[in-house]
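Have a look at the structure below before the remarks.
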Amino acid sequence: MKLDANALQTRRIVLGVTGGIAAYKSAILVRRLKDFGFDVRVVMTHGAQAFITPLTFQALSGNPVHTELLDPTAESGMGHIELARWADLLLVAPASCDTIAKFANGLADDLLSTIYLATKAPVWLAPAMNQQMWAVKSTQRNLTTLVQDGIHVVMPEAGEQACGDVGLGRLAEPEIIATWVNDFFAQAEREIWEKFGLLAGHHVVITAGPTRESIDPVRYISNHSTGKMGYAIATACYAAGADVTLISGPVSLPTPNGVRRINVQSAREMLTHSMQLVEQGCDVFIATAAVADYRVAQVAEHKIKKAGDELNVSLVKNPDIVATIAQQKKRPFMVGFAAETQNIEEYAKAKLQAKRLDMIACNDVSRSDIGFASDENAMTVFFAEQYQMDKEELEKASKLDIGKQLVEAIAKALNKHVPVS
Ligand code: C5P
C-alpha cells in the first residue's frame, strides 16, 4: 500500500492498541507521535482495555477513543469506515499474536480488524508478545503473509520480558516506532515534493526556538518559544528538496527527518553558527528564532548568593542575527518573522526595511487561538518592494501547512531574482 500524494497536511494516524502488557508503552507512543505533529486517534481492542483505560488515551491524544464495532453512538459519530478513511496510516502497537493472526487471515470480528480491512492507508505493526508465542511457526507464518501483503513491521526487541522469560518479543521503544513512522512520511513527502523541486538544490538555514542567556552557572534568561514553527518550516523545506540546516535553541522537539541540526544556547552562539553557514554558502536564511533581545553584561563566574531584597542585573543588547546576516555582501534570500498586536502591515513593512529582508511573515499575536505554543498558526506575508509581489494571507492552519505555504511563497520570490541590494 502506498501513501497518497496529499503531501504535508497534518498526518492522521489511527493507533491500534491490542491486549498485552506492552499496552502501557502505547501511552508514551501517543506522546511521541504528537511531538512529531501527528493527529492521533486510538482504537483499543477489548484485551487492551484490561491493561490500560481509554481515558488515558483520550487525554493524551486529545481525541475520543474508539472501542466498539457495533456501537450505534460511535457509528453515528466516526464509525469504522470513517476511521479507515480518516487514517493516513494505521499503526498497531503493541500488535498481539491474535491481531496479527486476524489481519493475516482477513478476519473482521472487532473494530480494529475491520478498520484494517477497510483502510487504503499504509499499515505498520509493532508486535509484542511472549518470546515463545513470537517464535512459534504460526506467528511467523502470519507475519510473512503480512509482509508479503505490503505491511511494515517494526521488529520487537530481545531482552527480559514482563512474564520473566528472556528472548525476542519486547515491544520496540516508543521513540523508535514514532521515528520510523515519521521517517516513512518524511521520505514519501520528499519524493512527492522533489517532483516539484520547489527548493531543490538550495541550502536553507533556519534559526529556531528561544535563546538562553546565562546569568550565572545555574540561572538564565529565556522565553516561551517552543520552536514548533521553525521545525515545521524545516520539515517543509526538506520535503521541497532543500538541503536544510536548523540552528536551534533549547527545545524539546525531535529533529525533523533529513535535517542537519546544530544546537546552541545563546544569541551570540546562534550568530556565530549563522555567519559560518552563510560564509560556506547558503541560499535562503529563515529567522524564526525568538532571540533574547538582551543578555547579561557580566555573567557571574560562580552562583550568585541570595542576599538582600533586591538584585540588580545589568543587561546589554544582543546582536540582531537576521539583520547582521542581511548586511553581508554575499547574502542569502532573507526571511524574517514578526509578532505584532496592531497595525500589522505598517509594523511588518517597517521591520522588513529596517532589517533589509526580502520577505517577512507576520503573526497577529493578539489572537489567542494561534502562535507560540499552539500547533496552529495564521500569517500575513509581505515582500520587499522590488519583488512587486502582493501580500499573501496564510489562513489558520497547522504549522506544517503554514510551513508549506511559506515554502511556496519563498520559491515564488526566489524565482524573480531580485534580491534586496
Ligand atoms: O526585532 P524583532 O525581534 O521583532 O524581529 C523579529 C525577527 O528578527 C525574527 O525573524 C527573529 O528571528 C529575528 N531576530 C534575530 N536576532 C535578534 C532578534 C530578532 O535574528 N536578536
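Letters A, B, ... go to the chains of the C-alpha cells in the order shown; residues in each chain start at 1; ligands are counted from 1 in the same order.
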
Hey, what's within 6 Å of stretch 332-336 of chain A if we count only C-alpha atoms and toss same-chain stuff fewer than 5 positions away? As an mmCIF file with N, CA and C atoms, in the first residue's frame, please?
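As a result, part_33.cif now contains:
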data_model
loop_
_atom_site.group_PDB
_atom_site.id
_atom_site.type_symbol
_atom_site.label_atom_id
_atom_site.label_comp_id
_atom_site.auth_asym_id
_atom_site.auth_seq_id
_atom_site.Cartn_x
_atom_site.Cartn_y
_atom_site.Cartn_z
ATOM 1 N N CYS A 282 24.908 29.649 1.518
ATOM 2 C CA CYS A 282 23.518 29.442 1.942
ATOM 3 C C CYS A 282 22.651 30.277 1.005
ATOM 4 N N ASP A 283 21.563 29.689 0.528
ATOM 5 C CA ASP A 283 20.719 30.385 -0.447
ATOM 6 C C ASP A 283 19.526 31.084 0.193
ATOM 7 N N VAL A 284 19.033 30.480 1.252
ATOM 8 C CA VAL A 284 17.855 31.050 1.925
ATOM 9 C C VAL A 284 18.099 31.007 3.424
ATOM 10 N N PHE A 285 17.878 32.140 4.106
ATOM 11 C CA PHE A 285 18.048 32.201 5.563
ATOM 12 C C PHE A 285 16.695 32.555 6.170
ATOM 13 N N ILE A 286 16.189 31.672 7.016
ATOM 14 C CA ILE A 286 14.858 31.887 7.601
ATOM 15 C C ILE A 286 15.011 32.037 9.112
ATOM 16 N N ALA A 287 14.689 33.216 9.616
ATOM 17 C CA ALA A 287 14.912 33.502 11.043
ATOM 18 C C ALA A 287 13.605 33.376 11.800
ATOM 19 N N LEU A 357 15.200 42.837 4.791
ATOM 20 C CA LEU A 357 14.769 41.474 4.474
ATOM 21 C C LEU A 357 14.151 41.422 3.076
ATOM 22 N N ASP A 358 14.095 40.216 2.517
ATOM 23 C CA ASP A 358 13.404 40.016 1.247
ATOM 24 C C ASP A 358 11.923 39.738 1.499
ATOM 25 N N MET A 359 11.668 39.138 2.642
ATOM 26 C CA MET A 359 10.292 38.699 2.913
ATOM 27 C C MET A 359 10.090 38.663 4.428
ATOM 28 N N ILE A 360 8.887 38.984 4.863
ATOM 29 C CA ILE A 360 8.606 38.883 6.307
ATOM 30 C C ILE A 360 7.239 38.213 6.506
#

*Fewer than 4 positions away in the same chain doesn't count, so skip those; otherwise give me all residues within 12 Å of A:Gln327, counting only C-alpha atoms, as a list in words.*
Met275, Val278, Asp320, Ile321, Val322, Ala323, Arg331, Pro332, Phe333, Met334, Ala354, Lys355, Arg356, Leu357, Val420 and Ser421 of chain A

*Residues within 10 Å of ligand 1 (only C-alpha atoms and all ligand atoms), as a PyMOL selection string?*
chain A and resi 206-211+230+267-268+270-271+274+285-294+317-326+334-340+347-348+351-352+354-355+357+359-362

*List every residue of stretch 147-273 of chain A that DSSP, applied to the backbone of this structure, assigns to helix (DSSP H, G or I), and report them as a ChimeraX atom specification.*
/A:147-148,174-196,228-239,267-273

Could you please take those selected residues and save N, CA and C atoms as a compact mmCIF listing (two decimals), in the first residue's frame?
# COMPACT_ATOMS: atom_id res chain seq x y z
N VAL A 147 3.83 -9.32 5.62
CA VAL A 147 4.93 -8.59 4.94
C VAL A 147 4.74 -8.73 3.43
N GLN A 148 4.36 -9.92 2.99
CA GLN A 148 4.10 -10.11 1.55
C GLN A 148 2.91 -9.27 1.07
N PRO A 174 8.92 3.27 22.20
CA PRO A 174 8.03 4.22 21.53
C PRO A 174 8.78 5.23 20.66
N GLU A 175 9.93 5.71 21.11
CA GLU A 175 10.71 6.69 20.33
C GLU A 175 11.07 6.09 18.97
N ILE A 176 11.43 4.81 19.00
CA ILE A 176 11.87 4.16 17.76
C ILE A 176 10.69 3.98 16.81
N ILE A 177 9.56 3.55 17.36
CA ILE A 177 8.37 3.36 16.50
C ILE A 177 7.95 4.69 15.88
N ALA A 178 7.89 5.74 16.73
CA ALA A 178 7.45 7.06 16.23
C ALA A 178 8.42 7.58 15.17
N THR A 179 9.72 7.35 15.37
CA THR A 179 10.70 7.84 14.41
C THR A 179 10.57 7.09 13.08
N TRP A 180 10.37 5.78 13.14
CA TRP A 180 10.16 5.01 11.90
C TRP A 180 8.99 5.57 11.11
N VAL A 181 7.89 5.79 11.82
CA VAL A 181 6.68 6.26 11.15
C VAL A 181 6.91 7.66 10.57
N ASN A 182 7.55 8.52 11.34
CA ASN A 182 7.81 9.87 10.86
C ASN A 182 8.73 9.85 9.64
N ASP A 183 9.77 9.03 9.71
CA ASP A 183 10.70 8.94 8.58
C ASP A 183 9.98 8.45 7.32
N PHE A 184 9.06 7.54 7.54
CA PHE A 184 8.28 6.99 6.43
C PHE A 184 7.51 8.11 5.73
N PHE A 185 6.83 8.94 6.51
CA PHE A 185 6.09 10.07 5.94
C PHE A 185 7.03 11.07 5.28
N ALA A 186 8.12 11.39 6.00
CA ALA A 186 9.04 12.42 5.51
C ALA A 186 9.64 11.99 4.16
N GLN A 187 10.00 10.74 4.07
CA GLN A 187 10.60 10.23 2.84
C GLN A 187 9.59 10.27 1.70
N ALA A 188 8.37 9.83 2.01
CA ALA A 188 7.34 9.81 0.99
C ALA A 188 7.02 11.24 0.54
N GLU A 189 6.96 12.16 1.52
CA GLU A 189 6.64 13.55 1.19
C GLU A 189 7.75 14.16 0.34
N ARG A 190 8.98 13.84 0.70
CA ARG A 190 10.09 14.40 -0.08
C ARG A 190 10.04 13.88 -1.53
N GLU A 191 9.72 12.63 -1.68
CA GLU A 191 9.64 12.08 -3.04
C GLU A 191 8.57 12.80 -3.86
N ILE A 192 7.45 13.11 -3.18
CA ILE A 192 6.37 13.81 -3.90
C ILE A 192 6.83 15.22 -4.27
N TRP A 193 7.40 15.91 -3.26
CA TRP A 193 7.80 17.30 -3.49
C TRP A 193 8.97 17.42 -4.44
N GLU A 194 9.84 16.43 -4.42
CA GLU A 194 11.01 16.51 -5.30
C GLU A 194 10.60 16.63 -6.75
N LYS A 195 9.41 16.06 -7.02
CA LYS A 195 8.90 16.17 -8.39
C LYS A 195 8.68 17.65 -8.73
N PHE A 196 8.22 18.41 -7.74
CA PHE A 196 8.03 19.84 -7.97
C PHE A 196 9.36 20.57 -7.80
N LYS A 228 8.26 25.24 17.48
CA LYS A 228 7.40 24.45 16.59
C LYS A 228 7.33 25.01 15.16
N MET A 229 7.24 26.35 15.05
CA MET A 229 7.11 26.93 13.70
C MET A 229 8.38 26.68 12.89
N GLY A 230 9.53 26.93 13.50
CA GLY A 230 10.81 26.74 12.80
C GLY A 230 11.02 25.29 12.39
N TYR A 231 10.63 24.37 13.27
CA TYR A 231 10.81 22.95 12.96
C TYR A 231 9.87 22.53 11.84
N ALA A 232 8.65 23.08 11.85
CA ALA A 232 7.70 22.76 10.77
C ALA A 232 8.22 23.30 9.44
N ILE A 233 8.82 24.49 9.46
CA ILE A 233 9.37 25.06 8.22
C ILE A 233 10.55 24.20 7.74
N ALA A 234 11.36 23.72 8.67
CA ALA A 234 12.49 22.85 8.29
C ALA A 234 11.96 21.59 7.60
N THR A 235 10.90 21.01 8.16
CA THR A 235 10.28 19.82 7.56
C THR A 235 9.80 20.12 6.14
N ALA A 236 9.12 21.28 5.99
CA ALA A 236 8.58 21.65 4.68
C ALA A 236 9.71 21.91 3.68
N CYS A 237 10.80 22.55 4.12
CA CYS A 237 11.93 22.84 3.22
C CYS A 237 12.58 21.55 2.76
N TYR A 238 12.75 20.61 3.69
CA TYR A 238 13.35 19.33 3.32
C TYR A 238 12.45 18.60 2.31
N ALA A 239 11.16 18.63 2.60
CA ALA A 239 10.23 17.96 1.69
C ALA A 239 10.27 18.61 0.31
N ALA A 267 22.33 33.83 22.00
CA ALA A 267 22.18 34.56 20.73
C ALA A 267 23.52 34.67 20.02
N ARG A 268 24.56 34.90 20.81
CA ARG A 268 25.87 35.07 20.15
C ARG A 268 26.35 33.77 19.50
N GLU A 269 26.05 32.64 20.18
CA GLU A 269 26.39 31.34 19.57
C GLU A 269 25.58 31.14 18.28
N MET A 270 24.31 31.55 18.33
CA MET A 270 23.44 31.40 17.15
C MET A 270 23.99 32.23 16.00
N LEU A 271 24.46 33.43 16.33
CA LEU A 271 25.03 34.32 15.30
C LEU A 271 26.30 33.70 14.70
N THR A 272 27.18 33.18 15.57
CA THR A 272 28.44 32.61 15.08
C THR A 272 28.17 31.49 14.07
N HIS A 273 27.27 30.58 14.43
CA HIS A 273 26.97 29.47 13.51
C HIS A 273 26.28 29.97 12.24

*Do a neighbour search on A:His46 at 9 Å with only C-alpha atoms, toss out local chain neighbours closer than 2 positions, and write the hits as a PyMOL selection string.*
chain A and resi 18-19+44+48-50+67-68+110

*Just the residues within 8 Å of A:Met379, please, counting only C-alpha atoms, with nothing from its chain fewer than 5 positions along; format it as an MDAnalysis selection string.*
chainID A and resid 361:364 393:396 402

May I have all residues of stretch 102-167 of chain A that DSSP, computed from the backbone, assigns to strand (DSSP E or B), given as an mmCIF file with N, CA and C atoms, in the first residue's frame?
data_model
loop_
_atom_site.group_PDB
_atom_site.id
_atom_site.type_symbol
_atom_site.label_atom_id
_atom_site.label_comp_id
_atom_site.auth_asym_id
_atom_site.auth_seq_id
_atom_site.Cartn_x
_atom_site.Cartn_y
_atom_site.Cartn_z
ATOM 1 N N VAL A 123 -0.015 0.363 6.464
ATOM 2 C CA VAL A 123 -0.186 -0.228 7.800
ATOM 3 C C VAL A 123 1.176 -0.608 8.378
ATOM 4 N N TRP A 124 1.379 -0.217 9.631
ATOM 5 C CA TRP A 124 2.596 -0.567 10.354
ATOM 6 C C TRP A 124 2.210 -1.358 11.604
ATOM 7 N N LEU A 125 2.954 -2.405 11.841
ATOM 8 C CA LEU A 125 2.722 -3.208 13.045
ATOM 9 C C LEU A 125 3.979 -3.215 13.899
ATOM 10 N N ALA A 126 3.791 -3.072 15.200
ATOM 11 C CA ALA A 126 4.905 -3.256 16.135
ATOM 12 C C ALA A 126 4.500 -4.398 17.074
ATOM 13 N N PRO A 127 4.873 -5.616 16.740
ATOM 14 C CA PRO A 127 4.435 -6.754 17.544
ATOM 15 C C PRO A 127 5.071 -6.762 18.936
ATOM 16 N N HIS A 152 4.196 -3.046 6.946
ATOM 17 C CA HIS A 152 5.521 -2.753 7.506
ATOM 18 C C HIS A 152 5.566 -3.240 8.952
ATOM 19 N N VAL A 153 6.701 -3.778 9.346
ATOM 20 C CA VAL A 153 6.810 -4.303 10.712
ATOM 21 C C VAL A 153 7.992 -3.656 11.427
ATOM 22 N N GLU A 157 12.043 -6.244 20.221
ATOM 23 C CA GLU A 157 13.427 -6.310 20.704
ATOM 24 C C GLU A 157 13.620 -7.547 21.577
ATOM 25 N N ALA A 158 14.881 -7.902 21.739
ATOM 26 C CA ALA A 158 15.197 -9.034 22.616
ATOM 27 C C ALA A 158 15.465 -8.506 24.022
ATOM 28 N N GLY A 159 15.226 -9.336 25.025
ATOM 29 C CA GLY A 159 15.542 -8.929 26.391
ATOM 30 C C GLY A 159 14.623 -9.602 27.385
ATOM 31 N N GLU A 160 14.653 -9.070 28.603
ATOM 32 C CA GLU A 160 13.836 -9.644 29.654
ATOM 33 C C GLU A 160 12.380 -9.246 29.432
ATOM 34 N N VAL A 166 13.214 -14.606 28.847
ATOM 35 C CA VAL A 166 14.180 -13.755 28.159
ATOM 36 C C VAL A 166 14.169 -14.172 26.701
ATOM 37 N N GLY A 167 14.070 -13.209 25.791
ATOM 38 C CA GLY A 167 14.068 -13.551 24.364
ATOM 39 C C GLY A 167 13.486 -12.434 23.527
#

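Each of A:Ala87, A:Ala128, A:Ala27, A:Leu406 was checked against A:Ala59 using only C-alpha atoms; the smallest atom-to-atom distance is that of A:Ala27.
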
_Considering only C-alpha atoms, can you say which of A:Glu345, A:Asp39, A:Asp165, A:Asp401 comes closest to A:Gln132?_
A:Asp165

_For A:Ala104: contacts at 8 Å, only C-alpha atoms, fewer than 4 positions along chain excluded, given as an NGL selection string_ = :A and (100 or 142-143 or 145-146)
